[in-house]
Every structure is written in structure tokens, then in C-alpha cells.
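Colleague: I have a structure I would like to understand better, so I am pasting it below and will then ask my questions one at a time.
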Amino acid sequence: MINKIYDNIRQTIKNNYKAVISFVLIMILFTFEFPYYIEAPGGIIEINDRIEMKEKTESLGSFNLAYVTSIKATIPTLLYATLNKDWDVLKKEEVIYENETMEDEEYRSRLLLNEANNNAIIVAFKAANKEIQIANEHLFITYVDSSSKTDLKIGDEILTVNNETIINKDQLDQIIEDKPVGEKITLTVMRGNKVANCYGVLQKIENKKIIGVVLSKTSDLSTNPEVKLKFRDSESGPSGGLMMALSIYDALVDEDITYGKKIVGTGTIDLNGNVGSIGGIEYKIKGAVKAGADLFLVPSGDNYNDAKKVIEENNYDLKLVAVSSFEEALNKLKQLSY
């Protein structure tokens, strides 16, 4: 019976070998990925749709964050990229670090999104004078330098150092500062759902003692009203921090700070409300224009200069506003009502 089935399959392939070969070639053509990455104009995400909060105040306009579209490099997409001036082909080393994989980069971006959400909630609730309690700092590894001497990995949450429970980043910094350069410290971390024992050798760079890793910090938050931010797995990165803080604040206060405008923007935010620069500003401007934005908030400095250049070169009808802090953004938005 089995031999008969095998003979039938072999005969079918023999009679249709050209079609089989064509199918295989087409599959390779459309699915084989090259060691390049393609970046293109993205779109916008209305942040109010990502906020879960009881008794949100409603606004006539909206706050939206801009994003960059990342496309896999296959033969069709690479060919299209050569014909579309808005699509850029980047080498692997321009996108990820030499000692990392794309999975590492994606994991880091999700950690940084969590940090941005955390910061945005804290900044917005404090500015709106709403109740918020902050406890239990969590320190996650987001980058491991290739020259570091450690077995820490991206995503590890630091629990203890030399058997001392870590409760905040200041404590960790002090422990490192008190140890001599070259000393090997022991760390316990939460890696996935398991506890792992790790080590790190202290180095000194620019008069600062380090392990050779970069950390992101989040805290357990209790707010009144309760708020949750829901993002898809494909949505990540810290660049929406400013717009998330503004949208949360808008949902908390009676005043409509959108003033009926479709406001798009980008920029990281720290716990003090400072706005930081981001990448891919040209793609975000183009995506915002396509989405019909009235106003674009952009970090001051190079981001603003680059955004202004894109607008001028393409004759876009888009009002550009540079901001360096959450407070400055609020003040400049108030000018929309005049």
C-alpha cells in the first residue's frame, strides 16, 4: 500500500515537474530574505485607542504617534526599493549591533516601549495632579557591549548583586562604584521564567565604573483612575513617549488640549518630562502627511532641523513644532486656541 502511494506521488511529480520547479522558484523569490533591512514611511497610531481608563474625558481632536515601517528584504521588495525614493535599503550593521541578532533588537524595543509607557503615565499623572503611587523598580538589561566581560543577556531583570537585593538603580550604581576596577561581581537575574546566576567584571570608561550593559527602568504603578496601555506585539520602541504622555494627560483633565486638531508627533520622554531625540524622522513626517496631520510635534535640535528639511523639500502643508519637554509641549499646544 505504501509503495503504491509512493509510486503515485513520484509519477505525479514526474508528470508535473515543470510546475513543481516553477512553484519552488516562486517560493524562493518571494520568501528568501537577504541580510538587508528596508525602512519606509509608516503611518500613525491614535493613542486614545491604546488607553484603557474609566471616565476618560473626550476631546474633539486626537494625539497620534508616528512610526516607521520596516520591511523584510526579499527580491521583490529590494527591486521595488530601487524604484521608490521613499524606501531605503540598509545594511545589517546599520540596524543592529555586531554582537546581536534581530531578535535581540526586537526584544530591546519592547523593553523600551514598556519604559516609555511607564514614564508617560508618571509624567502625565503628576502634571494633572492625579493620584499615583510608585514602587518596586525593575531593572532590565537592554544592551550588552561587545567588549564587556559578562554573561548577562538582553531582557535579564537584575535581582541581586553580590547577594544584596537590588531595589533601585541608585543602589546598583553605588555598589559598582564601591568596588575596584577588575573585580568580578555576581548577579542573580530573572531570565524568562527562571532565575539565573551571572557575573560581570567591572571596567572603567571615561572615569566611570561600568559592567558594560545598558539598563531600562520601570516601576510598579498604582493610579487613580486606573490606567493601562495596550499595544500590539508589533508595536515597540521608546519614541512615542511624548505623545503617550500628552494623550494620557488629555484623558485626565477637563480641558481639551487637542483643540480639535489631529496632532501627530514623536520623541522619547524621561521621568522629568524631558523630550529626547529619535530615529527615522523623515519617514515619520511622510507618514503623518499621508494621514492628514494638522500639526507635528518633534524634539528640538537635529530632529527638528531634519524634519523641517523634509517638509520644505516636499512642500508639505504641515505645521512643525519643536519641543524639549512635556511642559513646553503643553504651553505650545495652548497657542492653538488663540
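We label chains A, B, ... in the order they appear in the C-alpha cells, count residues from 1 in each chain, and number ligands from 1 in the order shown.
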Could you list, with a cut-off of 12 Å and counting only C-alpha atoms, the residues of segment 39-73 of chain A near segment 225-232 of chain A, each shown with its nearest atom pair and the distance in Å rounded to one decimal, rows sorted by chain and ascending number, as JSON lines?

Modeller:
```
{"residue": "A:Ile45", "atom": "CA", "partner": "A:Phe231", "partner_atom": "CA", "distance": 10.1}
{"residue": "A:Glu46", "atom": "CA", "partner": "A:Phe231", "partner_atom": "CA", "distance": 11.2}
{"residue": "A:Ile47", "atom": "CA", "partner": "A:Leu229", "partner_atom": "CA", "distance": 8.9}
{"residue": "A:Asn48", "atom": "CA", "partner": "A:Leu229", "partner_atom": "CA", "distance": 9.3}
{"residue": "A:Asp49", "atom": "CA", "partner": "A:Lys230", "partner_atom": "CA", "distance": 8.5}
{"residue": "A:Arg50", "atom": "CA", "partner": "A:Lys230", "partner_atom": "CA", "distance": 5.0}
{"residue": "A:Ile51", "atom": "CA", "partner": "A:Leu229", "partner_atom": "CA", "distance": 4.9}
{"residue": "A:Glu52", "atom": "CA", "partner": "A:Lys228", "partner_atom": "CA", "distance": 5.1}
{"residue": "A:Met53", "atom": "CA", "partner": "A:Val227", "partner_atom": "CA", "distance": 4.8}
{"residue": "A:Lys54", "atom": "CA", "partner": "A:Pro225", "partner_atom": "CA", "distance": 6.8}
{"residue": "A:Glu55", "atom": "CA", "partner": "A:Pro225", "partner_atom": "CA", "distance": 8.3}
{"residue": "A:Lys56", "atom": "CA", "partner": "A:Pro225", "partner_atom": "CA", "distance": 9.1}
{"residue": "A:Thr57", "atom": "CA", "partner": "A:Pro225", "partner_atom": "CA", "distance": 11.8}
```

Colleague: Which residues in segment 62-112 of chain A does DSSP call helix (DSSP H, G or I)? List them as a PDB file with all heavy atoms, in the first residue's frame.

Modeller:
```pdb
ATOM      1  N   ILE A  75      13.600  39.598  -2.827  1.00  0.00           N
ATOM      2  CA  ILE A  75      13.870  40.088  -4.179  1.00  0.00           C
ATOM      3  C   ILE A  75      12.823  41.105  -4.637  1.00  0.00           C
ATOM      4  O   ILE A  75      13.177  42.186  -5.130  1.00  0.00           O
ATOM      5  CB  ILE A  75      13.965  38.907  -5.173  1.00  0.00           C
ATOM      6  CG1 ILE A  75      15.232  38.093  -4.877  1.00  0.00           C
ATOM      7  CG2 ILE A  75      13.992  39.415  -6.616  1.00  0.00           C
ATOM      8  CD1 ILE A  75      15.389  36.850  -5.734  1.00  0.00           C
ATOM      9  N   PRO A  76      11.519  40.830  -4.478  1.00  0.00           N
ATOM     10  CA  PRO A  76      10.525  41.827  -4.901  1.00  0.00           C
ATOM     11  C   PRO A  76      10.637  43.160  -4.154  1.00  0.00           C
ATOM     12  O   PRO A  76      10.542  44.226  -4.761  1.00  0.00           O
ATOM     13  CB  PRO A  76       9.185  41.135  -4.615  1.00  0.00           C
ATOM     14  CG  PRO A  76       9.497  39.682  -4.640  1.00  0.00           C
ATOM     15  CD  PRO A  76      10.865  39.570  -4.057  1.00  0.00           C
ATOM     16  N   THR A  77      10.834  43.104  -2.811  1.00  0.00           N
ATOM     17  CA  THR A  77      10.897  44.356  -2.058  1.00  0.00           C
ATOM     18  C   THR A  77      12.170  45.135  -2.363  1.00  0.00           C
ATOM     19  O   THR A  77      12.153  46.368  -2.394  1.00  0.00           O
ATOM     20  CB  THR A  77      10.791  44.095  -0.545  1.00  0.00           C
ATOM     21  OG1 THR A  77      11.844  43.201  -0.138  1.00  0.00           O
ATOM     22  CG2 THR A  77       9.449  43.478  -0.194  1.00  0.00           C
ATOM     23  N   LEU A  78      13.267  44.432  -2.606  1.00  0.00           N
ATOM     24  CA  LEU A  78      14.509  45.116  -2.970  1.00  0.00           C
ATOM     25  C   LEU A  78      14.376  45.795  -4.321  1.00  0.00           C
ATOM     26  O   LEU A  78      14.856  46.918  -4.528  1.00  0.00           O
ATOM     27  CB  LEU A  78      15.676  44.125  -2.980  1.00  0.00           C
ATOM     28  CG  LEU A  78      16.176  43.655  -1.606  1.00  0.00           C
ATOM     29  CD1 LEU A  78      17.167  42.514  -1.763  1.00  0.00           C
ATOM     30  CD2 LEU A  78      16.820  44.810  -0.846  1.00  0.00           C
ATOM     31  N   LEU A  79      13.716  45.121  -5.272  1.00  0.00           N
ATOM     32  CA  LEU A  79      13.503  45.723  -6.593  1.00  0.00           C
ATOM     33  C   LEU A  79      12.618  46.956  -6.485  1.00  0.00           C
ATOM     34  O   LEU A  79      12.890  47.988  -7.110  1.00  0.00           O
ATOM     35  CB  LEU A  79      12.877  44.691  -7.541  1.00  0.00           C
ATOM     36  CG  LEU A  79      13.788  43.548  -8.002  1.00  0.00           C
ATOM     37  CD1 LEU A  79      12.995  42.536  -8.822  1.00  0.00           C
ATOM     38  CD2 LEU A  79      14.952  44.095  -8.824  1.00  0.00           C
ATOM     39  N   TYR A  80      11.564  46.842  -5.675  1.00  0.00           N
ATOM     40  CA  TYR A  80      10.669  47.992  -5.520  1.00  0.00           C
ATOM     41  C   TYR A  80      11.381  49.153  -4.845  1.00  0.00           C
ATOM     42  O   TYR A  80      11.146  50.321  -5.184  1.00  0.00           O
ATOM     43  CB  TYR A  80       9.439  47.592  -4.709  1.00  0.00           C
ATOM     44  CG  TYR A  80       8.414  48.696  -4.610  1.00  0.00           C
ATOM     45  CD1 TYR A  80       7.585  49.006  -5.682  1.00  0.00           C
ATOM     46  CD2 TYR A  80       8.287  49.461  -3.441  1.00  0.00           C
ATOM     47  CE1 TYR A  80       6.656  50.032  -5.599  1.00  0.00           C
ATOM     48  CE2 TYR A  80       7.366  50.484  -3.350  1.00  0.00           C
ATOM     49  CZ  TYR A  80       6.554  50.764  -4.434  1.00  0.00           C
ATOM     50  OH  TYR A  80       5.642  51.781  -4.356  1.00  0.00           O
ATOM     51  N   ALA A  81      12.268  48.832  -3.894  1.00  0.00           N
ATOM     52  CA  ALA A  81      13.001  49.876  -3.183  1.00  0.00           C
ATOM     53  C   ALA A  81      13.894  50.684  -4.114  1.00  0.00           C
ATOM     54  O   ALA A  81      14.136  51.874  -3.870  1.00  0.00           O
ATOM     55  CB  ALA A  81      13.835  49.268  -2.062  1.00  0.00           C
ATOM     56  N   THR A  82      14.392  50.066  -5.176  1.00  0.00           N
ATOM     57  CA  THR A  82      15.233  50.795  -6.138  1.00  0.00           C
ATOM     58  C   THR A  82      14.411  51.775  -6.966  1.00  0.00           C
ATOM     59  O   THR A  82      14.961  52.728  -7.522  1.00  0.00           O
ATOM     60  CB  THR A  82      15.952  49.815  -7.085  1.00  0.00           C
ATOM     61  OG1 THR A  82      14.975  49.105  -7.866  1.00  0.00           O
ATOM     62  CG2 THR A  82      16.795  48.823  -6.304  1.00  0.00           C
ATOM     63  N   LEU A  83      13.093  51.561  -7.018  1.00  0.00           N
ATOM     64  CA  LEU A  83      12.217  52.422  -7.819  1.00  0.00           C
ATOM     65  C   LEU A  83      11.489  53.468  -6.980  1.00  0.00           C
ATOM     66  O   LEU A  83      10.989  54.451  -7.518  1.00  0.00           O
ATOM     67  CB  LEU A  83      11.182  51.561  -8.557  1.00  0.00           C
ATOM     68  CG  LEU A  83      11.740  50.477  -9.486  1.00  0.00           C
ATOM     69  CD1 LEU A  83      10.589  49.629 -10.045  1.00  0.00           C
ATOM     70  CD2 LEU A  83      12.531  51.105 -10.626  1.00  0.00           C
ATOM     71  N   LYS A  92      22.828  45.398   7.314  1.00  0.00           N
ATOM     72  CA  LYS A  92      22.548  44.809   8.619  1.00  0.00           C
ATOM     73  C   LYS A  92      23.207  45.597   9.744  1.00  0.00           C
ATOM     74  O   LYS A  92      22.598  45.856  10.779  1.00  0.00           O
ATOM     75  CB  LYS A  92      23.018  43.359   8.636  1.00  0.00           C
ATOM     76  CG  LYS A  92      22.752  42.633   9.941  1.00  0.00           C
ATOM     77  CD  LYS A  92      23.240  41.190   9.862  1.00  0.00           C
ATOM     78  CE  LYS A  92      23.026  40.474  11.193  1.00  0.00           C
ATOM     79  NZ  LYS A  92      23.493  39.077  11.142  1.00  0.00           N
ATOM     80  N   GLU A  93      24.485  45.997   9.531  1.00  0.00           N
ATOM     81  CA  GLU A  93      25.213  46.696  10.583  1.00  0.00           C
ATOM     82  C   GLU A  93      24.686  48.097  10.854  1.00  0.00           C
ATOM     83  O   GLU A  93      25.041  48.711  11.868  1.00  0.00           O
ATOM     84  CB  GLU A  93      26.704  46.756  10.251  1.00  0.00           C
ATOM     85  CG  GLU A  93      27.024  47.377   8.909  1.00  0.00           C
ATOM     86  CD  GLU A  93      27.149  46.356   7.800  1.00  0.00           C
ATOM     87  OE1 GLU A  93      26.508  45.272   7.893  1.00  0.00           O
ATOM     88  OE2 GLU A  93      27.874  46.617   6.826  1.00  0.00           O
ATOM     89  N   GLU A  94      23.836  48.618   9.956  1.00  0.00           N
ATOM     90  CA  GLU A  94      23.226  49.927  10.177  1.00  0.00           C
ATOM     91  C   GLU A  94      21.987  49.826  11.061  1.00  0.00           C
ATOM     92  O   GLU A  94      21.481  50.842  11.537  1.00  0.00           O
ATOM     93  CB  GLU A  94      22.845  50.565   8.845  1.00  0.00           C
ATOM     94  CG  GLU A  94      24.009  50.905   7.936  1.00  0.00           C
ATOM     95  CD  GLU A  94      23.558  51.518   6.629  1.00  0.00           C
ATOM     96  OE1 GLU A  94      23.411  52.759   6.578  1.00  0.00           O
ATOM     97  OE2 GLU A  94      23.339  50.770   5.655  1.00  0.00           O
ATOM     98  N   VAL A  95      21.513  48.602  11.272  1.00  0.00           N
ATOM     99  CA  VAL A  95      20.263  48.406  12.004  1.00  0.00           C
ATOM    100  C   VAL A  95      20.489  47.745  13.357  1.00  0.00           C
ATOM    101  O   VAL A  95      19.891  48.132  14.362  1.00  0.00           O
ATOM    102  CB  VAL A  95      19.272  47.562  11.171  1.00  0.00           C
ATOM    103  CG1 VAL A  95      17.974  47.323  11.937  1.00  0.00           C
ATOM    104  CG2 VAL A  95      18.996  48.242   9.837  1.00  0.00           C
ATOM    105  N   MET A 102      18.521  40.147  15.154  1.00  0.00           N
ATOM    106  CA  MET A 102      17.337  40.975  15.010  1.00  0.00           C
ATOM    107  C   MET A 102      16.360  40.697  16.149  1.00  0.00           C
ATOM    108  O   MET A 102      15.639  41.598  16.591  1.00  0.00           O
ATOM    109  CB  MET A 102      16.657  40.707  13.662  1.00  0.00           C
ATOM    110  CG  MET A 102      15.668  41.792  13.249  1.00  0.00           C
ATOM    111  SD  MET A 102      16.507  43.391  13.091  1.00  0.00           S
ATOM    112  CE  MET A 102      15.119  44.521  12.970  1.00  0.00           C
ATOM    113  N   GLU A 103      16.369  39.460  16.652  1.00  0.00           N
ATOM    114  CA  GLU A 103      15.505  39.129  17.791  1.00  0.00           C
ATOM    115  C   GLU A 103      15.913  39.923  19.030  1.00  0.00           C
ATOM    116  O   GLU A 103      15.060  40.362  19.805  1.00  0.00           O
ATOM    117  CB  GLU A 103      15.574  37.631  18.079  1.00  0.00           C
ATOM    118  CG  GLU A 103      14.863  36.749  17.061  1.00  0.00           C
ATOM    119  CD  GLU A 103      15.589  36.673  15.729  1.00  0.00           C
ATOM    120  OE1 GLU A 103      16.834  36.892  15.712  1.00  0.00           O
ATOM    121  OE2 GLU A 103      14.933  36.402  14.708  1.00  0.00           O
ATOM    122  N   ASP A 104      17.235  40.130  19.204  1.00  0.00           N
ATOM    123  CA  ASP A 104      17.711  40.944  20.322  1.00  0.00           C
ATOM    124  C   ASP A 104      17.202  42.375  20.202  1.00  0.00           C
ATOM    125  O   ASP A 104      16.763  42.985  21.187  1.00  0.00           O
ATOM    126  CB  ASP A 104      19.244  40.960  20.364  1.00  0.00           C
ATOM    127  CG  ASP A 104      19.832  39.611  20.741  1.00  0.00           C
ATOM    128  OD1 ASP A 104      19.176  38.873  21.493  1.00  0.00           O
ATOM    129  OD2 ASP A 104      20.943  39.299  20.279  1.00  0.00           O
ATOM    130  N   GLU A 105      17.283  42.914  18.982  1.00  0.00           N
ATOM    131  CA  GLU A 105      16.824  44.284  18.745  1.00  0.00           C
ATOM    132  C   GLU A 105      15.328  44.415  19.016  1.00  0.00           C
ATOM    133  O   GLU A 105      14.875  45.396  19.623  1.00  0.00           O
ATOM    134  CB  GLU A 105      17.138  44.691  17.309  1.00  0.00           C
ATOM    135  CG  GLU A 105      16.469  45.960  16.804  1.00  0.00           C
ATOM    136  CD  GLU A 105      16.835  47.194  17.614  1.00  0.00           C
ATOM    137  OE1 GLU A 105      17.927  47.220  18.221  1.00  0.00           O
ATOM    138  OE2 GLU A 105      16.029  48.143  17.632  1.00  0.00           O
ATOM    139  N   GLU A 106      14.558  43.444  18.575  1.00  0.00           N
ATOM    140  CA  GLU A 106      13.107  43.483  18.779  1.00  0.00           C
ATOM    141  C   GLU A 106      12.766  43.361  20.269  1.00  0.00           C
ATOM    142  O   GLU A 106      11.848  44.031  20.757  1.00  0.00           O
ATOM    143  CB  GLU A 106      12.450  42.358  17.981  1.00  0.00           C
ATOM    144  CG  GLU A 106      12.514  42.590  16.474  1.00  0.00           C
ATOM    145  CD  GLU A 106      12.084  41.381  15.670  1.00  0.00           C
ATOM    146  OE1 GLU A 106      11.877  40.296  16.286  1.00  0.00           O
ATOM    147  OE2 GLU A 106      11.962  41.497  14.436  1.00  0.00           O
ATOM    148  N   TYR A 107      13.507  42.526  20.988  1.00  0.00           N
ATOM    149  CA  TYR A 107      13.290  42.365  22.429  1.00  0.00           C
ATOM    150  C   TYR A 107      13.592  43.680  23.144  1.00  0.00           C
ATOM    151  O   TYR A 107      12.843  44.119  24.027  1.00  0.00           O
ATOM    152  CB  TYR A 107      14.170  41.239  22.962  1.00  0.00           C
ATOM    153  CG  TYR A 107      13.770  40.697  24.314  1.00  0.00           C
ATOM    154  CD1 TYR A 107      14.426  39.596  24.849  1.00  0.00           C
ATOM    155  CD2 TYR A 107      12.744  41.262  25.065  1.00  0.00           C
ATOM    156  CE1 TYR A 107      14.070  39.077  26.093  1.00  0.00           C
ATOM    157  CE2 TYR A 107      12.384  40.750  26.294  1.00  0.00           C
ATOM    158  CZ  TYR A 107      13.053  39.669  26.807  1.00  0.00           C
ATOM    159  OH  TYR A 107      12.692  39.169  28.026  1.00  0.00           O
ATOM    160  N   ARG A 108      14.722  44.320  22.776  1.00  0.00           N
ATOM    161  CA  ARG A 108      15.080  45.599  23.383  1.00  0.00           C
ATOM    162  C   ARG A 108      13.985  46.634  23.126  1.00  0.00           C
ATOM    163  O   ARG A 108      13.619  47.400  24.015  1.00  0.00           O
ATOM    164  CB  ARG A 108      16.412  46.095  22.815  1.00  0.00           C
ATOM    165  CG  ARG A 108      16.743  47.510  23.269  1.00  0.00           C
ATOM    166  CD  ARG A 108      18.091  48.034  22.858  1.00  0.00           C
ATOM    167  NE  ARG A 108      18.500  47.631  21.545  1.00  0.00           N
ATOM    168  CZ  ARG A 108      19.462  46.762  21.290  1.00  0.00           C
ATOM    169  NH1 ARG A 108      20.100  46.172  22.286  1.00  0.00           N
ATOM    170  NH2 ARG A 108      19.794  46.452  20.061  1.00  0.00           N
ATOM    171  N   SER A 109      13.467  46.670  21.911  1.00  0.00           N
ATOM    172  CA  SER A 109      12.446  47.660  21.571  1.00  0.00           C
ATOM    173  C   SER A 109      11.189  47.485  22.407  1.00  0.00           C
ATOM    174  O   SER A 109      10.545  48.465  22.792  1.00  0.00           O
ATOM    175  CB  SER A 109      12.108  47.566  20.076  1.00  0.00           C
ATOM    176  OG  SER A 109      13.205  47.976  19.287  1.00  0.00           O
ATOM    177  N   ARG A 110      10.833  46.230  22.707  1.00  0.00           N
ATOM    178  CA  ARG A 110       9.659  46.002  23.557  1.00  0.00           C
ATOM    179  C   ARG A 110       9.918  46.455  24.992  1.00  0.00           C
ATOM    180  O   ARG A 110       9.041  47.025  25.651  1.00  0.00           O
ATOM    181  CB  ARG A 110       9.260  44.529  23.515  1.00  0.00           C
ATOM    182  CG  ARG A 110       8.613  44.106  22.192  1.00  0.00           C
ATOM    183  CD  ARG A 110       7.947  42.753  22.316  1.00  0.00           C
ATOM    184  NE  ARG A 110       8.913  41.670  22.453  1.00  0.00           N
ATOM    185  CZ  ARG A 110       9.472  41.022  21.439  1.00  0.00           C
ATOM    186  NH1 ARG A 110       9.166  41.363  20.202  1.00  0.00           N
ATOM    187  NH2 ARG A 110      10.316  40.035  21.654  1.00  0.00           N
ATOM    188  N   LEU A 111      11.144  46.207  25.480  1.00  0.00           N
ATOM    189  CA  LEU A 111      11.501  46.685  26.823  1.00  0.00           C
ATOM    190  C   LEU A 111      11.455  48.208  26.887  1.00  0.00           C
ATOM    191  O   LEU A 111      10.975  48.790  27.869  1.00  0.00           O
ATOM    192  CB  LEU A 111      12.898  46.198  27.198  1.00  0.00           C
ATOM    193  CG  LEU A 111      13.058  44.700  27.484  1.00  0.00           C
ATOM    194  CD1 LEU A 111      14.532  44.347  27.637  1.00  0.00           C
ATOM    195  CD2 LEU A 111      12.286  44.293  28.734  1.00  0.00           C
ATOM    196  N   LEU A 112      11.941  48.858  25.833  1.00  0.00           N
ATOM    197  CA  LEU A 112      11.959  50.314  25.809  1.00  0.00           C
ATOM    198  C   LEU A 112      10.557  50.890  25.675  1.00  0.00           C
ATOM    199  O   LEU A 112      10.279  51.987  26.182  1.00  0.00           O
ATOM    200  CB  LEU A 112      12.853  50.807  24.674  1.00  0.00           C
ATOM    201  CG  LEU A 112      14.347  50.495  24.850  1.00  0.00           C
ATOM    202  CD1 LEU A 112      15.143  50.945  23.628  1.00  0.00           C
ATOM    203  CD2 LEU A 112      14.899  51.156  26.107  1.00  0.00           C
TER     204      LEU A 112
END
```

Colleague: Any idea what the distance is between atom CA of Lys149 of chain A and atom CA of Lys184 of chain A?

Modeller: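 Between these atoms lies a distance of 9.0 Å.
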
Colleague: Please report the interatomic distance between atom CA of Lys217 of chain A and atom CA of Glu115 of chain A in Å with one decimal.

Modeller: 6.1 Å

Colleague: Residues near Arg191 of chain A, anyone? I mean within 8 Å using only C-alpha atoms, not counting same-chain ones fewer than 2 positions away, as a list of chain:residue names.

Modeller: A:Gly155, A:Asp156, A:Glu157, A:Val189, A:Asn193, A:Lys194, A:Val195, A:Ala196

Colleague: Which residue gives the smallest distance to Leu187 of chain A among A:Leu330, A:Ile96, A:Ile211, A:Val161, with only C-alpha atoms counted?

Modeller: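 Using only C-alpha atoms, Leu187 of chain A sits closest to A:Val161.
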
Colleague: If we count only C-alpha atoms and set the cut-off at 12 Å, which residues sit around Ile210 of chain A, ignoring sequence neighbours fewer than 3 positions away in its own chain? Please answer as a short mmCIF file (atom, residue, chain, number, x, y, z; two decimals) with N, CA, C and O atoms, in the first residue's frame.

Modeller:
```cif
data_model
loop_
_atom_site.label_atom_id
_atom_site.label_comp_id
_atom_site.auth_asym_id
_atom_site.auth_seq_id
_atom_site.Cartn_x
_atom_site.Cartn_y
_atom_site.Cartn_z
N VAL A 144 24.12 44.80 25.72
CA VAL A 144 25.36 44.27 26.26
C VAL A 144 26.48 44.61 25.30
O VAL A 144 26.47 44.16 24.15
N ASP A 145 27.43 45.42 25.74
CA ASP A 145 28.53 45.84 24.88
C ASP A 145 29.40 44.65 24.50
O ASP A 145 29.64 43.76 25.32
N SER A 147 32.48 44.48 24.14
CA SER A 147 33.76 44.44 24.87
C SER A 147 33.59 44.10 26.35
O SER A 147 34.57 43.99 27.08
N SER A 148 32.34 43.94 26.80
CA SER A 148 32.10 43.65 28.21
C SER A 148 32.48 42.21 28.54
O SER A 148 32.46 41.33 27.69
N LYS A 149 32.81 41.99 29.81
CA LYS A 149 33.12 40.65 30.30
C LYS A 149 32.00 40.22 31.22
O LYS A 149 32.06 40.40 32.45
N THR A 150 30.96 39.66 30.64
CA THR A 150 29.77 39.28 31.38
C THR A 150 28.98 38.26 30.59
O THR A 150 29.12 38.17 29.36
N LEU A 172 22.28 50.07 42.80
CA LEU A 172 23.17 49.32 41.91
C LEU A 172 24.40 50.14 41.54
O LEU A 172 25.54 49.64 41.58
N ASP A 173 24.18 51.42 41.20
CA ASP A 173 25.31 52.30 40.84
C ASP A 173 26.29 52.43 42.00
O ASP A 173 27.51 52.45 41.79
N GLN A 174 25.79 52.52 43.23
CA GLN A 174 26.66 52.69 44.39
C GLN A 174 27.47 51.42 44.65
O GLN A 174 28.66 51.50 45.00
N ILE A 175 26.85 50.27 44.49
CA ILE A 175 27.57 49.01 44.67
C ILE A 175 28.74 48.92 43.70
O ILE A 175 29.87 48.56 44.07
N ILE A 176 28.48 49.28 42.43
CA ILE A 176 29.52 49.23 41.41
C ILE A 176 30.62 50.23 41.73
O ILE A 176 31.82 49.94 41.59
N GLU A 177 30.24 51.42 42.18
CA GLU A 177 31.22 52.47 42.47
C GLU A 177 32.12 52.08 43.64
O GLU A 177 33.30 52.46 43.68
N ASP A 178 31.60 51.32 44.57
CA ASP A 178 32.39 50.94 45.75
C ASP A 178 33.36 49.78 45.49
O ASP A 178 34.20 49.48 46.33
N LYS A 179 33.25 49.15 44.33
CA LYS A 179 34.11 48.02 44.02
C LYS A 179 35.27 48.46 43.12
O LYS A 179 35.14 49.40 42.33
N PRO A 180 36.42 47.79 43.22
CA PRO A 180 37.57 48.17 42.38
C PRO A 180 37.41 47.69 40.95
O PRO A 180 36.72 46.70 40.67
N VAL A 181 38.04 48.39 40.03
CA VAL A 181 38.04 48.00 38.63
C VAL A 181 38.69 46.62 38.50
O VAL A 181 39.70 46.33 39.14
N GLY A 182 38.08 45.77 37.70
CA GLY A 182 38.60 44.43 37.50
C GLY A 182 37.96 43.39 38.39
O GLY A 182 38.15 42.19 38.17
N GLU A 183 37.19 43.83 39.40
CA GLU A 183 36.54 42.85 40.28
C GLU A 183 35.38 42.18 39.56
O GLU A 183 34.63 42.80 38.81
N LYS A 184 35.23 40.91 39.83
CA LYS A 184 34.14 40.12 39.26
C LYS A 184 32.99 40.08 40.26
O LYS A 184 33.14 39.55 41.36
N ILE A 185 31.86 40.66 39.89
CA ILE A 185 30.70 40.65 40.76
C ILE A 185 29.72 39.57 40.31
O ILE A 185 29.70 39.19 39.13
N GLY A 200 29.75 39.68 36.15
CA GLY A 200 30.17 40.84 35.37
C GLY A 200 31.47 41.38 35.94
O GLY A 200 31.62 41.48 37.17
N VAL A 201 32.41 41.69 35.07
CA VAL A 201 33.70 42.22 35.50
C VAL A 201 33.68 43.74 35.33
O VAL A 201 33.34 44.25 34.25
N LEU A 202 34.03 44.47 36.38
CA LEU A 202 33.95 45.93 36.35
C LEU A 202 35.06 46.52 35.49
O LEU A 202 36.23 46.13 35.58
N GLN A 203 34.67 47.47 34.65
CA GLN A 203 35.61 48.19 33.80
C GLN A 203 35.49 49.68 34.10
O GLN A 203 34.52 50.12 34.73
N LYS A 204 36.42 50.45 33.60
CA LYS A 204 36.37 51.90 33.79
C LYS A 204 36.49 52.58 32.44
O LYS A 204 37.47 52.40 31.72
N ILE A 205 35.48 53.35 32.10
CA ILE A 205 35.46 54.10 30.85
C ILE A 205 35.07 55.53 31.16
O ILE A 205 34.04 55.78 31.79
N GLU A 206 35.93 56.47 30.73
CA GLU A 206 35.69 57.90 30.96
C GLU A 206 35.41 58.17 32.44
O GLU A 206 34.44 58.84 32.81
N ASN A 207 36.29 57.61 33.30
CA ASN A 207 36.22 57.81 34.75
C ASN A 207 34.94 57.30 35.40
O ASN A 207 34.56 57.73 36.49
N VAL A 213 26.86 47.20 30.32
CA VAL A 213 25.49 46.97 29.89
C VAL A 213 24.69 48.27 30.02
O VAL A 213 25.08 49.18 30.74
N VAL A 214 23.57 48.32 29.31
CA VAL A 214 22.64 49.45 29.41
C VAL A 214 21.34 48.92 30.00
O VAL A 214 20.89 47.81 29.65
N LEU A 215 20.74 49.70 30.88
CA LEU A 215 19.53 49.28 31.59
C LEU A 215 18.32 50.12 31.21
O LEU A 215 18.44 51.30 30.89
#
```
